[in-house]
>>> print(open('data_25.cif').read())   # mmCIF, C-alpha atoms and all ligand atoms
data_work
loop_
_atom_site.label_atom_id
_atom_site.label_comp_id
_atom_site.auth_asym_id
_atom_site.auth_seq_id
_atom_site.Cartn_x
_atom_site.Cartn_y
_atom_site.Cartn_z
CA MET B 366 17.38 11.38 -15.46
CA ASN B 367 20.72 10.02 -16.64
CA SER B 368 22.35 7.17 -14.78
CA GLN B 369 25.02 9.40 -13.19
CA SER B 370 22.47 11.64 -11.51
CA ALA B 371 20.39 8.62 -10.43
CA LYS B 372 23.55 7.31 -8.74
CA ASP B 373 24.14 10.61 -6.95
CA ASP B 374 20.52 10.74 -5.87
CA ILE B 375 20.85 7.28 -4.35
CA GLY B 376 23.83 8.65 -2.42
CA CYS B 377 21.59 11.48 -1.14
CA VAL B 378 19.01 8.94 0.07
CA VAL B 379 21.76 6.92 1.80
CA ASP B 380 22.86 10.13 3.58
CA ILE B 381 19.27 10.75 4.67
CA LEU B 382 19.05 7.21 6.10
CA ALA B 383 22.39 7.65 7.88
CA ARG B 384 21.00 10.55 9.89
CA SER B 385 17.52 9.04 10.46
CA ARG B 386 16.10 7.02 13.32
CA SER B 387 12.46 7.00 12.25
CA LEU B 388 11.09 6.35 8.78
CA LEU B 389 7.65 6.48 7.21
CA PHE B 390 6.93 4.69 3.92
CA ILE B 391 3.82 5.56 1.95
CA THR B 392 3.27 2.95 -0.75
CA GLY B 393 0.92 2.41 -3.66
CA ALA B 394 0.36 0.06 -6.58
CA GLY B 395 3.80 0.87 -8.07
CA ILE B 396 5.59 -1.08 -5.33
CA SER B 397 3.56 -4.20 -6.18
CA ALA B 398 4.05 -3.72 -9.93
CA ASP B 399 7.47 -5.34 -9.44
CA SER B 400 5.59 -8.41 -8.13
CA GLY B 401 3.65 -8.52 -11.40
CA LEU B 402 0.43 -6.92 -10.15
CA PRO B 403 -1.52 -4.54 -12.40
CA THR B 404 -1.57 -0.86 -11.45
CA TYR B 405 -4.60 0.45 -13.22
CA ARG B 406 -7.54 1.48 -11.08
CA GLY B 407 -10.22 -0.04 -8.92
CA ILE B 408 -9.65 -0.70 -5.25
CA GLY B 409 -5.98 -0.77 -4.42
CA GLY B 410 -5.21 0.02 -8.08
CA LEU B 411 -5.67 -3.63 -8.92
CA TYR B 412 -8.30 -3.61 -11.63
CA ASN B 413 -6.76 -4.05 -15.03
CA ALA B 414 -9.47 -4.31 -17.72
CA ALA B 415 -10.46 -1.11 -19.49
CA HIS B 416 -14.15 -1.90 -19.96
CA PRO B 417 -16.15 -4.06 -17.57
CA GLU B 418 -18.60 -6.27 -19.47
CA GLU B 419 -21.62 -4.76 -17.73
CA GLY B 420 -20.98 -1.38 -19.38
CA LEU B 421 -20.88 0.25 -15.95
CA PRO B 422 -17.85 2.11 -14.62
CA ILE B 423 -15.68 -0.06 -12.37
CA GLU B 424 -16.13 2.56 -9.65
CA GLU B 425 -19.85 1.70 -9.62
CA LEU B 426 -19.39 -2.08 -9.78
CA LEU B 427 -16.88 -1.99 -6.92
CA SER B 428 -18.97 0.26 -4.70
CA GLY B 429 -20.48 -0.43 -1.30
CA GLU B 430 -23.88 0.35 -2.78
CA MET B 431 -23.56 -2.22 -5.57
CA LEU B 432 -22.41 -4.84 -3.05
CA ARG B 433 -25.68 -4.29 -1.18
CA ARG B 434 -27.90 -4.18 -4.28
CA ARG B 435 -26.25 -6.76 -6.54
CA PRO B 436 -23.55 -8.62 -4.59
CA GLU B 437 -23.01 -11.11 -7.44
CA LEU B 438 -21.80 -8.25 -9.68
CA THR B 439 -19.43 -6.73 -7.13
CA TRP B 440 -18.14 -10.19 -6.22
CA LYS B 441 -17.42 -10.97 -9.88
CA TYR B 442 -14.92 -8.12 -9.92
CA LEU B 443 -13.64 -8.75 -6.39
CA GLY B 444 -12.88 -12.27 -7.62
CA GLN B 445 -10.93 -10.89 -10.58
CA ILE B 446 -8.95 -8.61 -8.29
CA GLU B 447 -8.09 -11.46 -5.95
CA GLN B 448 -7.13 -13.56 -8.97
CA ALA B 449 -4.65 -10.83 -9.97
CA THR B 450 -2.94 -11.06 -6.57
CA ARG B 451 -3.02 -14.86 -6.31
CA GLY B 452 0.43 -16.39 -6.03
CA ALA B 453 2.13 -12.96 -6.08
CA ARG B 454 5.32 -12.83 -4.04
CA SER B 455 6.70 -9.79 -2.27
CA ASN B 456 9.63 -8.18 -4.09
CA ARG B 457 12.91 -6.57 -3.05
CA ALA B 458 11.25 -3.25 -2.21
CA HIS B 459 8.84 -4.89 0.28
CA GLN B 460 11.71 -6.93 1.71
CA VAL B 461 14.02 -3.94 2.20
CA ILE B 462 11.30 -2.08 4.13
CA ALA B 463 10.76 -5.17 6.31
CA GLU B 464 14.53 -5.40 6.98
CA MET B 465 14.65 -1.69 7.84
CA GLU B 466 12.14 -2.31 10.65
CA SER B 467 14.87 -4.07 12.61
CA CYS B 468 17.63 -1.57 11.75
CA PHE B 469 15.93 1.70 12.69
CA GLU B 470 14.21 2.79 15.87
CA ARG B 471 10.77 3.31 14.35
CA VAL B 472 9.59 2.32 10.87
CA TRP B 473 5.97 2.51 9.71
CA THR B 474 4.35 1.81 6.36
CA LEU B 475 1.05 3.28 5.21
CA THR B 476 -0.04 1.35 2.14
CA GLN B 477 -2.92 1.76 -0.28
CA ASN B 478 -2.34 -1.79 -1.48
CA ILE B 479 -4.78 -4.54 -0.54
CA ASP B 480 -2.48 -7.38 -1.63
CA GLY B 481 -0.89 -8.01 1.78
CA LEU B 482 2.63 -8.14 0.29
CA HIS B 483 4.22 -5.90 2.94
CA ARG B 484 3.17 -8.39 5.61
CA GLN B 485 4.21 -11.33 3.44
CA ALA B 486 7.70 -9.77 3.32
CA GLY B 487 7.75 -9.75 7.13
CA ALA B 488 6.93 -6.10 7.87
CA LYS B 489 5.02 -5.66 11.14
CA ASN B 490 4.20 -1.95 11.32
CA VAL B 491 1.90 -1.86 8.32
CA LEU B 492 -1.25 0.23 8.13
CA GLU B 493 -3.42 -1.01 5.25
CA VAL B 494 -5.52 2.06 4.60
CA HIS B 495 -7.67 0.33 1.96
CA GLY B 496 -7.80 -3.00 3.80
CA ASN B 497 -6.61 -6.46 2.78
CA VAL B 498 -8.30 -8.64 0.19
CA HIS B 499 -7.54 -11.78 2.20
CA ASN B 500 -9.57 -10.74 5.25
CA LEU B 501 -13.25 -11.69 4.91
CA LEU B 502 -16.10 -10.61 7.14
CA CYS B 503 -19.85 -11.03 7.30
CA THR B 504 -22.03 -8.05 6.41
CA GLN B 505 -24.51 -9.00 9.17
CA CYS B 506 -22.80 -10.84 12.03
CA PRO B 507 -19.32 -10.85 13.70
CA TRP B 508 -18.00 -13.78 11.57
CA ARG B 509 -14.48 -13.15 10.22
CA GLN B 510 -11.87 -15.24 8.48
CA THR B 511 -8.49 -14.76 6.82
CA VAL B 512 -8.05 -16.78 3.62
CA ALA B 513 -5.00 -17.42 1.45
CA ASP B 514 -7.13 -16.97 -1.68
CA TYR B 515 -10.72 -17.19 -2.93
CA SER B 516 -10.39 -20.60 -4.57
CA GLY B 517 -12.67 -22.27 -2.00
CA LEU B 518 -15.48 -19.70 -2.32
CA SER B 519 -18.58 -19.93 -4.48
CA LEU B 520 -19.46 -16.40 -5.56
CA PRO B 521 -21.12 -14.47 -4.09
CA PRO B 522 -20.07 -16.21 -0.88
CA ARG B 523 -22.35 -16.45 2.12
CA CYS B 524 -21.64 -16.47 5.84
CA PRO B 525 -21.39 -20.03 7.23
CA ARG B 526 -23.03 -18.78 10.42
CA CYS B 527 -25.95 -16.61 9.26
CA GLN B 528 -26.09 -17.00 5.44
CA ALA B 529 -25.73 -13.25 4.81
CA ILE B 530 -23.34 -12.06 2.08
CA ILE B 531 -19.71 -11.90 3.19
CA ARG B 532 -17.20 -9.38 1.87
CA PRO B 533 -13.50 -8.65 1.97
CA ALA B 534 -12.33 -6.07 4.52
CA VAL B 535 -11.41 -3.61 1.79
CA VAL B 536 -12.60 -0.07 1.23
CA LEU B 537 -14.98 -0.11 -1.73
CA PHE B 538 -15.83 3.02 -3.71
CA GLY B 539 -18.08 5.33 -1.75
CA GLU B 540 -17.02 3.85 1.60
CA MET B 541 -15.19 5.45 4.50
CA LEU B 542 -11.56 4.75 5.32
CA PRO B 543 -11.12 2.48 8.35
CA GLY B 544 -11.25 4.87 11.30
CA GLU B 545 -9.02 2.87 13.63
CA THR B 546 -6.27 2.50 11.01
CA MET B 547 -6.29 6.23 10.26
CA GLU B 548 -6.22 7.04 13.97
CA ARG B 549 -3.14 4.86 14.44
CA PHE B 550 -1.55 6.51 11.43
CA TYR B 551 -2.14 10.05 12.69
CA GLU B 552 -0.74 9.06 16.09
CA GLN B 553 2.48 8.03 14.36
CA LEU B 554 2.51 11.14 12.17
CA ASP B 555 2.06 13.33 15.27
CA ALA B 556 5.07 11.61 16.84
CA GLY B 557 7.09 12.80 13.81
CA PHE B 558 9.52 11.11 11.43
CA ASP B 559 13.06 11.88 10.34
CA ALA B 560 12.28 10.89 6.76
CA VAL B 561 9.21 10.14 4.66
CA PHE B 562 9.34 8.01 1.49
CA SER B 563 6.58 8.01 -1.12
CA ILE B 564 6.90 4.87 -3.26
CA GLY B 565 4.90 3.92 -6.34
CA THR B 566 1.86 6.07 -5.73
CA THR B 567 0.46 8.88 -7.84
CA SER B 568 -0.67 10.51 -4.57
CA VAL B 569 -4.11 11.47 -5.85
CA PHE B 570 -5.73 10.97 -2.44
CA PRO B 571 -5.27 13.78 0.11
CA TYR B 572 -4.42 11.29 2.90
CA ILE B 573 -1.57 9.97 0.74
CA ALA B 574 -0.15 13.32 -0.47
CA GLY B 575 -0.86 15.01 2.90
CA PRO B 576 1.89 13.33 4.93
CA VAL B 577 4.50 14.44 2.36
CA GLU B 578 3.25 18.00 2.75
CA VAL B 579 3.36 17.66 6.56
CA ALA B 580 6.93 16.34 6.25
CA ARG B 581 7.98 19.27 4.14
CA ARG B 582 6.46 21.81 6.51
CA SER B 583 8.04 20.04 9.50
CA GLY B 584 11.52 19.88 8.00
CA TRP B 585 11.61 16.06 7.74
CA ALA B 586 13.53 14.65 4.77
CA THR B 587 11.38 13.55 1.83
CA VAL B 588 12.07 11.04 -0.93
CA GLU B 589 9.92 9.95 -3.85
CA ILE B 590 10.53 6.72 -5.79
CA ASN B 591 8.39 6.61 -8.90
CA PRO B 592 9.26 6.43 -12.62
CA ALA B 593 6.46 8.95 -13.27
CA VAL B 594 6.01 12.56 -12.21
CA THR B 595 3.30 12.86 -9.55
CA ARG B 596 1.60 15.42 -7.39
CA VAL B 597 4.34 15.24 -4.75
CA SER B 598 7.35 15.23 -7.14
CA ARG B 599 7.87 18.98 -6.76
CA LEU B 600 7.72 18.77 -2.97
CA VAL B 601 10.37 16.18 -2.22
CA ASP B 602 14.07 16.63 -1.41
CA VAL B 603 15.08 13.67 -3.60
CA LYS B 604 13.14 12.24 -6.52
CA LEU B 605 14.27 8.87 -7.88
CA SER B 606 12.72 8.13 -11.28
CA LEU B 607 13.19 4.41 -10.81
CA ARG B 608 11.04 1.39 -10.16
CA ALA B 609 10.60 0.49 -6.52
CA ALA B 610 12.52 -2.81 -6.32
CA GLU B 611 15.54 -1.50 -8.24
CA ALA B 612 15.71 1.72 -6.23
CA MET B 613 15.24 0.15 -2.80
CA ASP B 614 17.79 -2.56 -3.50
CA ALA B 615 20.36 0.01 -4.65
CA ILE B 616 19.71 2.24 -1.62
CA TRP B 617 19.89 -0.63 0.89
CA THR B 618 23.00 -2.21 -0.66
CA ARG B 619 24.83 1.12 -0.54
CA TYR B 620 23.55 2.01 2.94
CA ARG B 621 24.69 -1.28 4.41
CA ALA B 622 28.09 -1.02 2.76
CA CYS B 623 28.57 2.42 4.39
CA ASN B 624 26.97 1.69 7.77
CA SER B 625 28.22 -1.81 8.46
CA GLY B 626 24.71 -2.96 9.33
CA GLN B 627 24.79 -1.72 12.94
CA PRO B 628 21.25 -1.48 14.28
CA LYS B 629 20.54 2.08 15.41
CA SER B 630 18.23 1.12 18.18
CA VAL B 631 20.98 -0.34 20.34
ZN ZN K 701 -22.90 -13.85 9.34
#
>>> encode(input="data_25.cif", output="structure tokens")
Amino acid sequence: MNSQSAKDDIGCVVDILARSRSLLFITGAGISADSGLPTYRGIGGLYNAAHPEEGLPIEELLSGEMLRRRPELTWKYLGQIEQATRGARSNRAHQVIAEMESCFERVWTLTQNIDGLHRQAGAKNVLEVHGNVHNLLCTQCPWRQTVADYSGLSLPPRCPRCQAIIRPAVVLFGEMLPGETMERFYEQLDAGFDAVFSIGTTSVFPYIAGPVEVARRSGWATVEINPAVTRVSRLVDVKLSLRAAEAMDAIWTRYRACNSGQPKSV
């Protein structure tokens, strides 16, 4: 894409926003890449090394089964993942979405990311489909705690109440998606959206690509922001081949210049 057509496409997105009251953002590792997080694979796309030392695939090491059988191994890699997020700050793309929550009637974000950066940016309507690395829970009793990081934990950490292994509230390989989160998401999807944005995700999971397909069938506007071509690139009305922070900043700057920042909900 040359810079002229990228500029025109940003104008198209601004037009979409101007006629929208409800927005859905579907985000993946690409939105956190602008905060310096790796986007390789593993839970939440946060595992960055090509070959784990144990010679086992990362999908096996970070599985619910391995956590039960050899928690010290799973926790070694959970610790590395948390380390990758430690000190990360939300970027302009997270911040723009958070600001949009107060300028449109209804704004929701479905994220695959476990880094908590949407909430750090101040967004409230965030559905973390793969969980959040900072929320810990006991595998045996109701003990739960939210931590800023894992620096105070000795791995594998044990429950202060019952001594069982604790774990982060994230979806490990081979585990189900959180039912309550998905229910809330489908409630919102059923209510409909004026526009759906897919940002920084390759959309390999059906529950991530699906909403874009629903949007297309329902006649809602669709936008993809991703430097790469993905599974949903062919489906969207506007494809911006840009990084998330750059694109969202350009869109929001232009939108506010044209719409004088009047909240639509009043
Ligand atoms: Zn416990």
>>> closest_residue(input="data_25.cif", among="B:Val494, B:Ile396, B:Leu502, B:Ala622", to="ligand ZN 701 (chain K)", atoms="all atoms listed in the file")
B:Leu502
>>> closest_atom_pairs(input="data_25.cif", of="chain B", to="ligand ZN 701 (chain K)", cutoff="6 Å", atoms="only C-alpha atoms and all ligand atoms", output="CSV")
residue,atom,partner,partner_atom,distance
B:Cys503,CA,K:ZN701,ZN,4.6
B:Gln505,CA,K:ZN701,ZN,5.1
B:Cys506,CA,K:ZN701,ZN,4.0
B:Trp508,CA,K:ZN701,ZN,5.4
B:Cys524,CA,K:ZN701,ZN,4.5
B:Arg526,CA,K:ZN701,ZN,5.0
B:Cys527,CA,K:ZN701,ZN,4.1
B:Gln528,CA,K:ZN701,ZN,5.9
B:Ala529,CA,K:ZN701,ZN,5.4
>>> residues_around(input="data_25.cif", residues="Gln477 (chain B)", least_positions_apart="5", cutoff="12 Å", atoms="all atoms listed in the file", output="compact mmCIF listing (two decimals) with C-alpha atoms, keeping the file's coordinate frame")
# COMPACT_ATOMS: atom_id res chain seq x y z
CA PHE B 390 6.93 4.69 3.92
CA ILE B 391 3.82 5.56 1.95
CA THR B 392 3.27 2.95 -0.75
CA GLY B 393 0.92 2.41 -3.66
CA ALA B 394 0.36 0.06 -6.58
CA GLY B 395 3.80 0.87 -8.07
CA ILE B 396 5.59 -1.08 -5.33
CA SER B 397 3.56 -4.20 -6.18
CA THR B 404 -1.57 -0.86 -11.45
CA ARG B 406 -7.54 1.48 -11.08
CA GLY B 407 -10.22 -0.04 -8.92
CA ILE B 408 -9.65 -0.70 -5.25
CA GLY B 409 -5.98 -0.77 -4.42
CA GLY B 410 -5.21 0.02 -8.08
CA LEU B 411 -5.67 -3.63 -8.92
CA LEU B 482 2.63 -8.14 0.29
CA HIS B 483 4.22 -5.90 2.94
CA VAL B 491 1.90 -1.86 8.32
CA LEU B 492 -1.25 0.23 8.13
CA GLU B 493 -3.42 -1.01 5.25
CA VAL B 494 -5.52 2.06 4.60
CA HIS B 495 -7.67 0.33 1.96
CA GLY B 496 -7.80 -3.00 3.80
CA ASN B 497 -6.61 -6.46 2.78
CA VAL B 498 -8.30 -8.64 0.19
CA VAL B 535 -11.41 -3.61 1.79
CA VAL B 536 -12.60 -0.07 1.23
CA LEU B 542 -11.56 4.75 5.32
CA PRO B 543 -11.12 2.48 8.35
CA THR B 546 -6.27 2.50 11.01
CA MET B 547 -6.29 6.23 10.26
CA SER B 563 6.58 8.01 -1.12
CA ILE B 564 6.90 4.87 -3.26
CA GLY B 565 4.90 3.92 -6.34
CA THR B 566 1.86 6.07 -5.73
CA THR B 567 0.46 8.88 -7.84
CA SER B 568 -0.67 10.51 -4.57
CA VAL B 569 -4.11 11.47 -5.85
CA PHE B 570 -5.73 10.97 -2.44
CA TYR B 572 -4.42 11.29 2.90
CA ILE B 573 -1.57 9.97 0.74
CA ALA B 574 -0.15 13.32 -0.47
>>> closest_atom_pairs(input="data_25.cif", of="region 497-562 of chain B", to="region 376-388 of chain B", cutoff="8 Å", atoms="all atoms listed in the file", output="JSON lines")
{"residue": "B:Phe558", "atom": "CA", "partner": "B:Ser387", "partner_atom": "CA", "distance": 5.1}
{"residue": "B:Asp559", "atom": "CA", "partner": "B:Ser387", "partner_atom": "CA", "distance": 5.3}
{"residue": "B:Ala560", "atom": "CA", "partner": "B:Leu388", "partner_atom": "CA", "distance": 5.1}
{"residue": "B:Val561", "atom": "CA", "partner": "B:Leu388", "partner_atom": "CA", "distance": 5.9}
{"residue": "B:Phe562", "atom": "CA", "partner": "B:Leu388", "partner_atom": "CA", "distance": 7.7}
>>> write_last_selection(input="data_25.cif", atoms="C-alpha atoms", output="PDB file, keeping the file's coordinate frame")
ATOM      1  CA  PHE B 558       9.520  11.110  11.430  1.00  0.00           C
ATOM      2  CA  ASP B 559      13.060  11.880  10.340  1.00  0.00           C
ATOM      3  CA  ALA B 560      12.280  10.890   6.760  1.00  0.00           C
ATOM      4  CA  VAL B 561       9.210  10.140   4.660  1.00  0.00           C
ATOM      5  CA  PHE B 562       9.340   8.010   1.490  1.00  0.00           C
TER       6      PHE B 562
END
>>> residues_around(input="data_25.cif", residues="Ala453 (chain B)", least_positions_apart="4", cutoff="12 Å", atoms="all atoms listed in the file", output="list in words")
Ser397, Ala398, Asp399, Ser400, Gly401, Leu402, Pro403, Glu447, Gln448, Ala449, Asp480, Gly481, Leu482, His483, Gln485, Ala486, Ala513 and Asp514 of chain B
>>> axis_aligned_box(input="data_25.cif", around="region 518-533 of chain B", padding_each_side="3 Å", output="JSON")
{"center_x": -19.8, "center_y": -14.3, "center_z": 2.4, "size_x": 18.6, "size_y": 17.4, "size_z": 22.0}
>>> atom_distance(input="data_25.cif", atom1="CA of Ala580 (chain B)", atom2="CA of Val472 (chain B)")
15.0 Å
>>> closest_residue(input="data_25.cif", among="B:Glu418, B:Glu437, B:Glu425, B:Asp374", to="Phe538 (chain B)", atoms="only C-alpha atoms")
B:Glu425
>>> atom_distance(input="data_25.cif", atom1="CA of Thr511 (chain B)", atom2="CA of Pro533 (chain B)")
9.3 Å
>>> atom_distance(input="data_25.cif", atom1="CA of Pro436 (chain B)", atom2="CA of Thr504 (chain B)")
11.1 Å
>>> closest_residue(input="data_25.cif", among="B:Leu520, B:Leu501, B:Met613, B:Val461", to="Arg435 (chain B)", atoms="all atoms listed in the file")
B:Leu520
>>> closest_residue(input="data_25.cif", among="B:Ala593, B:Met465, B:Leu475, B:Leu443", to="Arg608 (chain B)", atoms="all atoms listed in the file")
B:Ala593
